[in-house]
Amino acid sequence: GGGNAVAGAQIRTYLLEKSRITARNKGERSFHVFYMLLRGLEKDGSMRELLRLKPLKDYAYLGGAEGTFEAESAYEDGKGEAEQWGTLKAALEEMGMGEDILSILRVLSLVLLLGNIQFEETEDHNGSKWSRVARGSAALADAAAVARCTPEVLEEALCIKSESEMLGRLPLSARQAANNRDSLAKLLYAELFEWLRGNINHELA
């Protein structure tokens with residue numbers, strides 16, 4: 001009847017498809033926010049440098065040169081993805097997260113940069129095999145800069161598995177390190193998603 005109004009609302013997470021971060025079927029895209037971010041900041045040189053942003057085709061997690069970059073259909077409001085980023089940024093500010101936007105961008109950029117880190121097998125002087133980040137690429141340095149840690153710390157986190165006090169630290173194979181990298185990227189995205197959901201729910205309550 002008259003005079004009724006919504007007093008509050010709550011958003012819940014339902015089947016967040018984290019696997020879409022690292023792999024998709026041919027012709028599919030990753031989450032829209034990555035394309036909004038990269039196109040929305042395409043002409044912002046200082047932000048691109050700070051976040052170590054690359055062209056769309058340079059991200060392995062977006063499919064590389066064979067990736068699908070265009071949406072199958074336009075957004076309902078008819079805006080392109082560069083404009084959509086402006087709309088998203090305004091929405092975050094409206095929900096009281098304006099001061100957190102740079103941190104959000106860092107996480108999104110880091111997720112994509114992790115996918116460009118490749119691994120190779122090597123062995124120590126005892127003949128024991130272990131993995132390391134493949135040399136000759138800036139991927140590790142870029143990801144570490146965005147994560148605000150040293151490349152050495154990030155490489156160790158990706159290539160070494162910390163076990164119990166008895167077993168100590170175990171080196172991973174190149175394949176295991178790649179799986180570790182993918183798990184970290186999916187975890188970062190999921191944690192960011194949950195953080196955003198929690199903040200939005202707080203504003204809607």
# chains A, B, ... in the order shown; residues from 1 in each chain; ligands from 1

call {"tool": "residues_around", "arguments": {"residues": "A:Leu62", "least_positions_apart": "4", "cutoff": "12 Å", "atoms": "only C-alpha atoms", "output": "ChimeraX atom specification"}}
result
/A:20-35,38,54-58,66-70,111-116

call {"tool": "select_by_dssp", "arguments": {"residues": "stretch 16-116 of chain A", "states": "alpha helix (DSSP H)", "output": "PyMOL selection string"}}
result
chain A and resi 32-40+45-51+81-94+101-114

call {"tool": "closest_residue", "arguments": {"among": "A:Glu81, A:Leu108, A:Ala190, A:Lys43", "to": "A:Tyr61", "atoms": "only C-alpha atoms"}}
result
A:Leu108

call {"tool": "closest_residue", "arguments": {"among": "A:Ser103, A:Ser173, A:Ser137, A:Asn180", "to": "A:Glu120", "atoms": "only C-alpha atoms"}}
result
A:Ser173

call {"tool": "residues_around", "arguments": {"residues": "A:Gly136", "least_positions_apart": "5", "cutoff": "12 Å", "atoms": "only C-alpha atoms", "output": "PyMOL selection string"}}
result
chain A and resi 117-120+141

call {"tool": "write_last_selection", "arguments": {"atoms": "C-alpha atoms", "output": "mmCIF file, in the first residue's frame"}}
result
data_model
loop_
_atom_site.group_PDB
_atom_site.id
_atom_site.type_symbol
_atom_site.label_atom_id
_atom_site.label_comp_id
_atom_site.auth_asym_id
_atom_site.auth_seq_id
_atom_site.Cartn_x
_atom_site.Cartn_y
_atom_site.Cartn_z
ATOM 1 C CA ILE A 117 54.443 -14.880 -15.324
ATOM 2 C CA GLN A 118 55.866 -18.075 -16.794
ATOM 3 C CA PHE A 119 58.052 -20.702 -15.139
ATOM 4 C CA GLU A 120 60.971 -22.880 -16.130
ATOM 5 C CA ALA A 141 58.890 -7.097 -11.919
#

call {"tool": "residues_around", "arguments": {"residues": "A:Lys129", "least_positions_apart": "6", "cutoff": "12 Å", "atoms": "only C-alpha atoms", "output": "VMD selection string"}}
result
chain A and resid 120 to 123 159 170 to 174

call {"tool": "atom_distance", "arguments": {"atom1": "atom CA of A:Phe193", "atom2": "atom CA of A:Thr13"}}
result
8.7 Å

call {"tool": "select_by_dssp", "arguments": {"residues": "stretch 28-194 of chain A", "states": "strand (DSSP E)", "output": "JSON, numbers by chain"}}
result
{"A": [119, 120, 121, 122, 123, 129, 130, 131, 132, 133, 160, 161, 162, 169, 170, 171]}

call {"tool": "residues_around", "arguments": {"residues": "A:Arg148", "least_positions_apart": "5", "cutoff": "12 Å", "atoms": "only C-alpha atoms", "output": "list in words"}}
result
Leu50, Leu51, Ser103, Arg106, Val107, Leu110, Leu140, Ala141, Asp142, Ala143, Val153 and Leu154 of chain A

call {"tool": "write_last_selection", "arguments": {"atoms": "C-alpha atoms", "output": "PDB file, in the first residue's frame"}}
result
ATOM      1  CA  LEU A  50      51.529   3.083 -11.914  1.00  0.00           C
ATOM      2  CA  LEU A  51      49.458  -0.040 -12.568  1.00  0.00           C
ATOM      3  CA  SER A 103      43.603  -0.309  -4.158  1.00  0.00           C
ATOM      4  CA  ARG A 106      45.916  -2.545  -7.986  1.00  0.00           C
ATOM      5  CA  VAL A 107      44.252  -5.886  -7.272  1.00  0.00           C
ATOM      6  CA  LEU A 110      47.836  -7.664 -10.319  1.00  0.00           C
ATOM      7  CA  LEU A 140      57.561 -10.628 -12.465  1.00  0.00           C
ATOM      8  CA  ALA A 141      58.890  -7.097 -11.919  1.00  0.00           C
ATOM      9  CA  ASP A 142      55.603  -5.564 -13.080  1.00  0.00           C
ATOM     10  CA  ALA A 143      53.491  -7.764 -10.808  1.00  0.00           C
ATOM     11  CA  VAL A 153      59.480 -12.195  -2.470  1.00  0.00           C
ATOM     12  CA  LEU A 154      56.842 -12.770  -5.148  1.00  0.00           C
TER      13      LEU A 154
END

call {"tool": "atom_distance", "arguments": {"atom1": "atom CA of A:Thr150", "atom2": "atom CA of A:Asp182"}}
result
19.5 Å

call {"tool": "closest_residue", "arguments": {"among": "A:Ala145, A:Leu187, A:Ala177, A:Leu53", "to": "A:Leu158", "atoms": "only C-alpha atoms"}}
result
A:Ala177

call {"tool": "closest_atom_pairs", "arguments": {"of": "stretch 51-126 of chain A", "to": "stretch 196-199 of chain A", "cutoff": "12 Å", "atoms": "only C-alpha atoms", "output": "tab-separated table"}}
result
residue	atom	partner	partner_atom	distance
A:Ala91	CA	A:Leu196	CA	11.7
A:Leu92	CA	A:Leu196	CA	9.2
A:Glu93	CA	A:Asn199	CA	11.8
A:Glu94	CA	A:Asn199	CA	11.7
A:Met95	CA	A:Asn199	CA	8.0
A:Gly96	CA	A:Asn199	CA	8.4
A:Met97	CA	A:Asn199	CA	8.1
A:Gly98	CA	A:Asn199	CA	11.9
A:Asp100	CA	A:Leu196	CA	10.2
A:Ile101	CA	A:Leu196	CA	10.8
A:Ser103	CA	A:Leu196	CA	11.7
A:Ile104	CA	A:Leu196	CA	9.1

call {"tool": "write_last_selection", "arguments": {"atoms": "N, CA, C and O atoms", "output": "PDB file, in the first residue's frame"}}
result
ATOM      1  N   ALA A  91      30.008   4.960  -9.425  1.00  0.00           N
ATOM      2  CA  ALA A  91      29.207   4.132  -8.524  1.00  0.00           C
ATOM      3  C   ALA A  91      29.986   3.781  -7.261  1.00  0.00           C
ATOM      4  O   ALA A  91      29.435   3.786  -6.156  1.00  0.00           O
ATOM      5  N   LEU A  92      31.269   3.472  -7.417  1.00  0.00           N
ATOM      6  CA  LEU A  92      32.105   3.172  -6.251  1.00  0.00           C
ATOM      7  C   LEU A  92      32.200   4.389  -5.330  1.00  0.00           C
ATOM      8  O   LEU A  92      32.143   4.262  -4.106  1.00  0.00           O
ATOM      9  N   GLU A  93      32.345   5.549  -5.920  1.00  0.00           N
ATOM     10  CA  GLU A  93      32.402   6.770  -5.123  1.00  0.00           C
ATOM     11  C   GLU A  93      31.083   7.017  -4.408  1.00  0.00           C
ATOM     12  O   GLU A  93      31.061   7.416  -3.235  1.00  0.00           O
ATOM     13  N   GLU A  94      29.981   6.754  -5.107  1.00  0.00           N
ATOM     14  CA  GLU A  94      28.652   6.941  -4.515  1.00  0.00           C
ATOM     15  C   GLU A  94      28.430   6.006  -3.331  1.00  0.00           C
ATOM     16  O   GLU A  94      27.765   6.355  -2.354  1.00  0.00           O
ATOM     17  N   MET A  95      29.048   4.820  -3.399  1.00  0.00           N
ATOM     18  CA  MET A  95      28.893   3.834  -2.321  1.00  0.00           C
ATOM     19  C   MET A  95      29.938   4.025  -1.221  1.00  0.00           C
ATOM     20  O   MET A  95      30.097   3.171  -0.356  1.00  0.00           O
ATOM     21  N   GLY A  96      30.644   5.145  -1.243  1.00  0.00           N
ATOM     22  CA  GLY A  96      31.586   5.452  -0.179  1.00  0.00           C
ATOM     23  C   GLY A  96      32.940   4.794  -0.308  1.00  0.00           C
ATOM     24  O   GLY A  96      33.689   4.709   0.680  1.00  0.00           O
ATOM     25  N   MET A  97      33.301   4.323  -1.516  1.00  0.00           N
ATOM     26  CA  MET A  97      34.577   3.634  -1.702  1.00  0.00           C
ATOM     27  C   MET A  97      35.546   4.421  -2.569  1.00  0.00           C
ATOM     28  O   MET A  97      36.484   3.856  -3.143  1.00  0.00           O
ATOM     29  N   GLY A  98      35.338   5.741  -2.665  1.00  0.00           N
ATOM     30  CA  GLY A  98      36.201   6.564  -3.499  1.00  0.00           C
ATOM     31  C   GLY A  98      37.664   6.474  -3.117  1.00  0.00           C
ATOM     32  O   GLY A  98      38.549   6.433  -3.983  1.00  0.00           O
ATOM     33  N   ASP A 100      39.151   4.007  -1.911  1.00  0.00           N
ATOM     34  CA  ASP A 100      39.662   2.647  -2.110  1.00  0.00           C
ATOM     35  C   ASP A 100      39.859   2.294  -3.576  1.00  0.00           C
ATOM     36  O   ASP A 100      40.314   1.191  -3.888  1.00  0.00           O
ATOM     37  N   ILE A 101      39.524   3.213  -4.473  1.00  0.00           N
ATOM     38  CA  ILE A 101      39.554   2.880  -5.898  1.00  0.00           C
ATOM     39  C   ILE A 101      40.943   2.469  -6.360  1.00  0.00           C
ATOM     40  O   ILE A 101      41.096   1.488  -7.102  1.00  0.00           O
ATOM     41  N   SER A 103      43.326   1.047  -4.664  1.00  0.00           N
ATOM     42  CA  SER A 103      43.603  -0.309  -4.158  1.00  0.00           C
ATOM     43  C   SER A 103      42.851  -1.352  -4.967  1.00  0.00           C
ATOM     44  O   SER A 103      43.386  -2.432  -5.263  1.00  0.00           O
ATOM     45  N   ILE A 104      41.623  -1.044  -5.346  1.00  0.00           N
ATOM     46  CA  ILE A 104      40.835  -1.960  -6.180  1.00  0.00           C
ATOM     47  C   ILE A 104      41.520  -2.150  -7.522  1.00  0.00           C
ATOM     48  O   ILE A 104      41.648  -3.276  -8.025  1.00  0.00           O
TER      49      ILE A 104
END

call {"tool": "closest_residue", "arguments": {"among": "A:Leu37, A:Ala60, A:Leu105, A:Leu16", "to": "A:Gly80", "atoms": "only C-alpha atoms"}}
result
A:Leu37

call {"tool": "closest_residue", "arguments": {"among": "A:Ala205, A:Leu88, A:Ala147, A:Ala138", "to": "A:Ile11", "atoms": "only C-alpha atoms"}}
result
A:Ala205

call {"tool": "atom_distance", "arguments": {"atom1": "atom CA of A:Glu152", "atom2": "atom CA of A:Asn179"}}
result
18.7 Å

call {"tool": "closest_residue", "arguments": {"among": "A:Ala65, A:Ala144, A:Leu192, A:Met36", "to": "A:Lys89", "atoms": "only C-alpha atoms"}}
result
A:Met36

call {"tool": "decode", "arguments": {"residues": "stretch 20-33 of chain A", "atoms": "all heavy atoms", "output": "PDB file, in the first residue's frame"}}
result
ATOM      1  N   ARG A  20      36.937 -18.498 -14.676  1.00  0.00           N
ATOM      2  CA  ARG A  20      36.935 -17.587 -15.826  1.00  0.00           C
ATOM      3  C   ARG A  20      38.135 -16.641 -15.796  1.00  0.00           C
ATOM      4  O   ARG A  20      38.515 -16.075 -16.818  1.00  0.00           O
ATOM      5  CB  ARG A  20      35.619 -16.801 -15.857  1.00  0.00           C
ATOM      6  CG  ARG A  20      35.449 -15.886 -17.051  1.00  0.00           C
ATOM      7  CD  ARG A  20      34.042 -15.308 -17.091  1.00  0.00           C
ATOM      8  NE  ARG A  20      33.093 -16.333 -17.469  1.00  0.00           N
ATOM      9  CZ  ARG A  20      32.778 -16.638 -18.731  1.00  0.00           C
ATOM     10  NH1 ARG A  20      33.345 -15.985 -19.723  1.00  0.00           N
ATOM     11  NH2 ARG A  20      31.912 -17.594 -18.998  1.00  0.00           N
ATOM     12  N   ILE A  21      38.760 -16.486 -14.638  1.00  0.00           N
ATOM     13  CA  ILE A  21      39.950 -15.644 -14.533  1.00  0.00           C
ATOM     14  C   ILE A  21      41.079 -16.207 -15.391  1.00  0.00           C
ATOM     15  O   ILE A  21      41.768 -15.474 -16.104  1.00  0.00           O
ATOM     16  CB  ILE A  21      40.428 -15.562 -13.065  1.00  0.00           C
ATOM     17  CG1 ILE A  21      39.425 -14.787 -12.203  1.00  0.00           C
ATOM     18  CG2 ILE A  21      41.814 -14.907 -12.974  1.00  0.00           C
ATOM     19  CD1 ILE A  21      39.334 -13.322 -12.542  1.00  0.00           C
ATOM     20  N   THR A  22      41.282 -17.516 -15.325  1.00  0.00           N
ATOM     21  CA  THR A  22      42.466 -18.114 -15.947  1.00  0.00           C
ATOM     22  C   THR A  22      42.192 -18.838 -17.255  1.00  0.00           C
ATOM     23  O   THR A  22      43.122 -19.061 -18.036  1.00  0.00           O
ATOM     24  CB  THR A  22      43.125 -19.106 -14.967  1.00  0.00           C
ATOM     25  OG1 THR A  22      42.162 -20.114 -14.605  1.00  0.00           O
ATOM     26  CG2 THR A  22      43.565 -18.385 -13.702  1.00  0.00           C
ATOM     27  N   ALA A  23      40.945 -19.223 -17.512  1.00  0.00           N
ATOM     28  CA  ALA A  23      40.656 -19.977 -18.739  1.00  0.00           C
ATOM     29  C   ALA A  23      39.179 -19.868 -19.092  1.00  0.00           C
ATOM     30  O   ALA A  23      38.324 -19.805 -18.210  1.00  0.00           O
ATOM     31  CB  ALA A  23      41.039 -21.445 -18.557  1.00  0.00           C
ATOM     32  N   ARG A  24      38.915 -19.845 -20.388  1.00  0.00           N
ATOM     33  CA  ARG A  24      37.544 -19.793 -20.883  1.00  0.00           C
ATOM     34  C   ARG A  24      37.448 -20.584 -22.169  1.00  0.00           C
ATOM     35  O   ARG A  24      38.459 -20.931 -22.766  1.00  0.00           O
ATOM     36  CB  ARG A  24      37.129 -18.334 -21.172  1.00  0.00           C
ATOM     37  CG  ARG A  24      37.021 -17.453 -19.966  1.00  0.00           C
ATOM     38  CD  ARG A  24      37.225 -16.004 -20.324  1.00  0.00           C
ATOM     39  NE  ARG A  24      38.468 -15.787 -21.050  1.00  0.00           N
ATOM     40  CZ  ARG A  24      39.669 -15.787 -20.470  1.00  0.00           C
ATOM     41  NH1 ARG A  24      39.786 -16.001 -19.177  1.00  0.00           N
ATOM     42  NH2 ARG A  24      40.756 -15.598 -21.187  1.00  0.00           N
ATOM     43  N   ASN A  25      36.227 -20.847 -22.597  1.00  0.00           N
ATOM     44  CA  ASN A  25      36.029 -21.484 -23.888  1.00  0.00           C
ATOM     45  C   ASN A  25      36.360 -20.488 -24.996  1.00  0.00           C
ATOM     46  O   ASN A  25      36.290 -19.269 -24.800  1.00  0.00           O
ATOM     47  CB  ASN A  25      34.582 -21.960 -24.050  1.00  0.00           C
ATOM     48  CG  ASN A  25      34.237 -23.086 -23.095  1.00  0.00           C
ATOM     49  OD1 ASN A  25      35.083 -23.922 -22.779  1.00  0.00           O
ATOM     50  ND2 ASN A  25      33.003 -23.104 -22.619  1.00  0.00           N
ATOM     51  N   LYS A  26      36.722 -20.978 -26.149  1.00  0.00           N
ATOM     52  CA  LYS A  26      37.072 -20.121 -27.284  1.00  0.00           C
ATOM     53  C   LYS A  26      35.904 -19.198 -27.614  1.00  0.00           C
ATOM     54  O   LYS A  26      34.756 -19.633 -27.681  1.00  0.00           O
ATOM     55  CB  LYS A  26      37.436 -20.983 -28.506  1.00  0.00           C
ATOM     56  CG  LYS A  26      37.967 -20.187 -29.680  1.00  0.00           C
ATOM     57  CD  LYS A  26      38.423 -21.104 -30.794  1.00  0.00           C
ATOM     58  CE  LYS A  26      38.910 -20.318 -32.009  1.00  0.00           C
ATOM     59  NZ  LYS A  26      40.042 -19.434 -31.711  1.00  0.00           N
ATOM     60  N   GLY A  27      36.210 -17.948 -27.808  1.00  0.00           N
ATOM     61  CA  GLY A  27      35.175 -16.974 -28.153  1.00  0.00           C
ATOM     62  C   GLY A  27      34.559 -16.279 -26.952  1.00  0.00           C
ATOM     63  O   GLY A  27      33.795 -15.321 -27.117  1.00  0.00           O
ATOM     64  N   GLU A  28      34.879 -16.753 -25.738  1.00  0.00           N
ATOM     65  CA  GLU A  28      34.339 -16.130 -24.531  1.00  0.00           C
ATOM     66  C   GLU A  28      35.325 -15.103 -23.981  1.00  0.00           C
ATOM     67  O   GLU A  28      36.527 -15.180 -24.229  1.00  0.00           O
ATOM     68  CB  GLU A  28      34.046 -17.184 -23.465  1.00  0.00           C
ATOM     69  CG  GLU A  28      32.916 -18.118 -23.814  1.00  0.00           C
ATOM     70  CD  GLU A  28      32.612 -19.099 -22.691  1.00  0.00           C
ATOM     71  OE1 GLU A  28      33.451 -19.237 -21.776  1.00  0.00           O
ATOM     72  OE2 GLU A  28      31.545 -19.724 -22.733  1.00  0.00           O
ATOM     73  N   ARG A  29      34.787 -14.171 -23.196  1.00  0.00           N
ATOM     74  CA  ARG A  29      35.623 -13.165 -22.562  1.00  0.00           C
ATOM     75  C   ARG A  29      35.708 -13.427 -21.060  1.00  0.00           C
ATOM     76  O   ARG A  29      34.958 -14.219 -20.515  1.00  0.00           O
ATOM     77  CB  ARG A  29      35.041 -11.754 -22.780  1.00  0.00           C
ATOM     78  CG  ARG A  29      34.877 -11.380 -24.238  1.00  0.00           C
ATOM     79  CD  ARG A  29      34.823  -9.871 -24.437  1.00  0.00           C
ATOM     80  NE  ARG A  29      33.994  -9.174 -23.469  1.00  0.00           N
ATOM     81  CZ  ARG A  29      34.022  -7.857 -23.276  1.00  0.00           C
ATOM     82  NH1 ARG A  29      34.838  -7.104 -23.980  1.00  0.00           N
ATOM     83  NH2 ARG A  29      33.238  -7.271 -22.390  1.00  0.00           N
ATOM     84  N   SER A  30      36.620 -12.719 -20.422  1.00  0.00           N
ATOM     85  CA  SER A  30      36.736 -12.778 -18.971  1.00  0.00           C
ATOM     86  C   SER A  30      35.699 -11.820 -18.372  1.00  0.00           C
ATOM     87  O   SER A  30      34.769 -11.383 -19.050  1.00  0.00           O
ATOM     88  CB  SER A  30      38.156 -12.406 -18.530  1.00  0.00           C
ATOM     89  OG  SER A  30      38.322 -12.586 -17.143  1.00  0.00           O
ATOM     90  N   PHE A  31      35.851 -11.454 -17.117  1.00  0.00           N
ATOM     91  CA  PHE A  31      34.898 -10.551 -16.473  1.00  0.00           C
ATOM     92  C   PHE A  31      34.970  -9.160 -17.096  1.00  0.00           C
ATOM     93  O   PHE A  31      36.044  -8.652 -17.416  1.00  0.00           O
ATOM     94  CB  PHE A  31      35.183 -10.474 -14.970  1.00  0.00           C
ATOM     95  CG  PHE A  31      34.899 -11.758 -14.245  1.00  0.00           C
ATOM     96  CD1 PHE A  31      35.933 -12.589 -13.850  1.00  0.00           C
ATOM     97  CD2 PHE A  31      33.593 -12.144 -13.969  1.00  0.00           C
ATOM     98  CE1 PHE A  31      35.677 -13.787 -13.191  1.00  0.00           C
ATOM     99  CE2 PHE A  31      33.326 -13.327 -13.308  1.00  0.00           C
ATOM    100  CZ  PHE A  31      34.365 -14.157 -12.916  1.00  0.00           C
ATOM    101  N   HIS A  32      33.816  -8.515 -17.237  1.00  0.00           N
ATOM    102  CA  HIS A  32      33.714  -7.213 -17.906  1.00  0.00           C
ATOM    103  C   HIS A  32      34.646  -6.164 -17.290  1.00  0.00           C
ATOM    104  O   HIS A  32      35.164  -5.305 -18.000  1.00  0.00           O
ATOM    105  CB  HIS A  32      32.274  -6.690 -17.832  1.00  0.00           C
ATOM    106  CG  HIS A  32      31.298  -7.485 -18.634  1.00  0.00           C
ATOM    107  ND1 HIS A  32      31.485  -7.789 -19.964  1.00  0.00           N
ATOM    108  CD2 HIS A  32      30.103  -8.042 -18.279  1.00  0.00           C
ATOM    109  CE1 HIS A  32      30.457  -8.496 -20.411  1.00  0.00           C
ATOM    110  NE2 HIS A  32      29.601  -8.669 -19.406  1.00  0.00           N
ATOM    111  N   VAL A  33      34.840  -6.238 -15.982  1.00  0.00           N
ATOM    112  CA  VAL A  33      35.580  -5.169 -15.305  1.00  0.00           C
ATOM    113  C   VAL A  33      36.999  -5.022 -15.843  1.00  0.00           C
ATOM    114  O   VAL A  33      37.544  -3.910 -15.888  1.00  0.00           O
ATOM    115  CB  VAL A  33      35.599  -5.414 -13.767  1.00  0.00           C
ATOM    116  CG1 VAL A  33      36.444  -6.633 -13.415  1.00  0.00           C
ATOM    117  CG2 VAL A  33      36.095  -4.179 -13.039  1.00  0.00           C
TER     118      VAL A  33
END
